[in-house]
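One structure below.
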Amino acid sequence: MSFEHLGEVKNGVEDFSGSWSGAFENYSLRECDGGTELNVELDSDDHFADYFRDVFPRALQKVKELSEQ
């Protein structure tokens with residue numbers, strides 16, 4: 001699954017010129033040792049690196065918990 005960010009909404013206004021524009025998130029699943037591995041690739045401005053290092057581990061843990069229910 002792939003998402004291309006076209007922009008963002010700031011204070012109710014669409015902004016297509018920001019650093020999010022053109023960024024991609026790619027997600028793939030593969031069978032691995034009798035389970036499923038989720039691989040995430042991000043292609044975004046380095047401006048968001050600290051944000052993703054903080055948020056993604058928690059978000060992916062939640063995905064894992066939900067998928068194992």
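Just so we're on the same page: first chain in the structure tokens is A, next is B, and so on; residues restart at 1 for each chain, and ligands are numbered from 1 in the order they show up.
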
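Residues within 7 Å of Asn39 (chain A), counting only C-alpha atoms and excluding same-chain residues fewer than 2 positions away, are Tyr27, Ser28, Leu29, Glu37 and Glu41 of chain A.
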
Using only N, CA and C atoms, please write the residues we just selected to a file, as a PDB file, in the first residue's frame.
```
ATOM      1  N   TYR A  27       3.878   0.732   2.559  1.00  0.00           N
ATOM      2  CA  TYR A  27       3.692  -0.363   3.507  1.00  0.00           C
ATOM      3  C   TYR A  27       3.585  -1.662   2.718  1.00  0.00           C
ATOM      4  N   SER A  28       4.315  -2.693   3.172  1.00  0.00           N
ATOM      5  CA  SER A  28       4.202  -3.996   2.523  1.00  0.00           C
ATOM      6  C   SER A  28       4.181  -5.088   3.598  1.00  0.00           C
ATOM      7  N   LEU A  29       3.522  -6.187   3.271  1.00  0.00           N
ATOM      8  CA  LEU A  29       3.418  -7.344   4.156  1.00  0.00           C
ATOM      9  C   LEU A  29       4.092  -8.526   3.485  1.00  0.00           C
ATOM     10  N   GLU A  37       5.273 -10.060   8.480  1.00  0.00           N
ATOM     11  CA  GLU A  37       6.138  -8.912   8.749  1.00  0.00           C
ATOM     12  C   GLU A  37       5.587  -7.700   8.005  1.00  0.00           C
ATOM     13  N   GLU A  41       8.340   2.014   4.608  1.00  0.00           N
ATOM     14  CA  GLU A  41       9.353   2.869   4.007  1.00  0.00           C
ATOM     15  C   GLU A  41       8.784   4.277   3.924  1.00  0.00           C
TER      16      GLU A  41
END
```

Counting only C-alpha atoms, what is within 10 Å of region 53-69 of chain A, bar same-chain residues fewer than 6 positions away, as a PyMOL selection string?
-> chain A and resi 36-38+40

Going by DSSP on the backbone, which bits of chain A are strand (DSSP E or B)? Write them as a PyMOL selection string, please.
-> chain A and resi 2-4+8-10+13-15+24-32+35-43

Store the residues picked out above, limited to N, CA and C atoms, as a compact mmCIF listing (two decimals), in the first residue's frame.
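This is the output file out15.txt:
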```
# COMPACT_ATOMS: atom_id res chain seq x y z
N SER A 2 0.57 2.21 -0.79
CA SER A 2 1.39 3.41 -0.88
C SER A 2 0.51 4.65 -0.77
N PHE A 3 0.99 5.61 -0.02
CA PHE A 3 0.29 6.89 0.14
C PHE A 3 1.22 8.00 -0.32
N GLU A 4 0.71 8.88 -1.16
CA GLU A 4 1.44 10.09 -1.51
C GLU A 4 0.77 11.26 -0.83
N GLU A 8 -1.24 19.36 3.28
CA GLU A 8 -1.81 19.24 4.61
C GLU A 8 -2.86 20.33 4.81
N VAL A 9 -3.64 20.17 5.85
CA VAL A 9 -4.65 21.16 6.20
C VAL A 9 -4.18 21.90 7.45
N LYS A 10 -4.07 23.21 7.35
CA LYS A 10 -3.64 24.04 8.47
C LYS A 10 -4.74 25.05 8.76
N VAL A 13 -7.39 25.27 6.21
CA VAL A 13 -7.01 25.69 4.86
C VAL A 13 -6.05 24.66 4.26
N GLU A 14 -6.34 24.21 3.03
CA GLU A 14 -5.47 23.25 2.36
C GLU A 14 -4.18 23.94 1.92
N ASP A 15 -3.05 23.29 2.20
CA ASP A 15 -1.74 23.83 1.84
C ASP A 15 -1.00 22.76 1.06
N PHE A 24 6.08 10.20 0.45
CA PHE A 24 5.44 8.90 0.31
C PHE A 24 5.58 8.09 1.58
N GLU A 25 4.55 7.28 1.86
CA GLU A 25 4.60 6.23 2.88
C GLU A 25 4.27 4.94 2.14
N ASN A 26 5.14 3.95 2.22
CA ASN A 26 4.93 2.67 1.57
C ASN A 26 4.90 1.56 2.62
N TYR A 27 3.88 0.73 2.56
CA TYR A 27 3.69 -0.36 3.51
C TYR A 27 3.59 -1.66 2.72
N SER A 28 4.32 -2.69 3.17
CA SER A 28 4.20 -4.00 2.52
C SER A 28 4.18 -5.09 3.60
N LEU A 29 3.52 -6.19 3.27
CA LEU A 29 3.42 -7.34 4.16
C LEU A 29 4.09 -8.53 3.48
N ARG A 30 4.78 -9.35 4.28
CA ARG A 30 5.34 -10.59 3.74
C ARG A 30 5.30 -11.66 4.83
N GLU A 31 5.16 -12.90 4.38
CA GLU A 31 5.17 -14.03 5.31
C GLU A 31 6.60 -14.20 5.82
N CYS A 32 6.72 -14.42 7.12
CA CYS A 32 8.05 -14.54 7.72
C CYS A 32 7.98 -15.46 8.94
N GLY A 35 4.69 -16.12 10.48
CA GLY A 35 3.95 -14.90 10.86
C GLY A 35 3.94 -13.94 9.70
N THR A 36 3.62 -12.72 9.98
CA THR A 36 3.58 -11.69 8.96
C THR A 36 4.44 -10.52 9.40
N GLU A 37 5.27 -10.06 8.48
CA GLU A 37 6.14 -8.91 8.75
C GLU A 37 5.59 -7.70 8.01
N LEU A 38 5.48 -6.60 8.71
CA LEU A 38 5.06 -5.33 8.13
C LEU A 38 6.30 -4.48 7.93
N ASN A 39 6.54 -4.06 6.70
CA ASN A 39 7.68 -3.21 6.38
C ASN A 39 7.15 -1.83 6.01
N VAL A 40 7.78 -0.79 6.56
CA VAL A 40 7.38 0.59 6.29
C VAL A 40 8.57 1.33 5.72
N GLU A 41 8.34 2.01 4.61
CA GLU A 41 9.35 2.87 4.01
C GLU A 41 8.78 4.28 3.92
N LEU A 42 9.56 5.25 4.36
CA LEU A 42 9.13 6.63 4.32
C LEU A 42 10.07 7.41 3.42
N ASP A 43 9.49 8.20 2.56
CA ASP A 43 10.26 9.08 1.69
C ASP A 43 9.71 10.48 1.94
```

Select from region 9-66 of chain A everything DSSP, run on the backbone, classes as alpha helix (DSSP H), then give the selection as a count of residues only.
-> 18

Which one of A:Asp50, A:Ser44, A:Met1, A:Gly34 sits closest to Gly18 (chain A) if you count only C-alpha atoms?
-> A:Ser44

Distance CA of Leu6 (chain A)-CA of Gly22 (chain A), one decimal place?
-> 5.8 Å
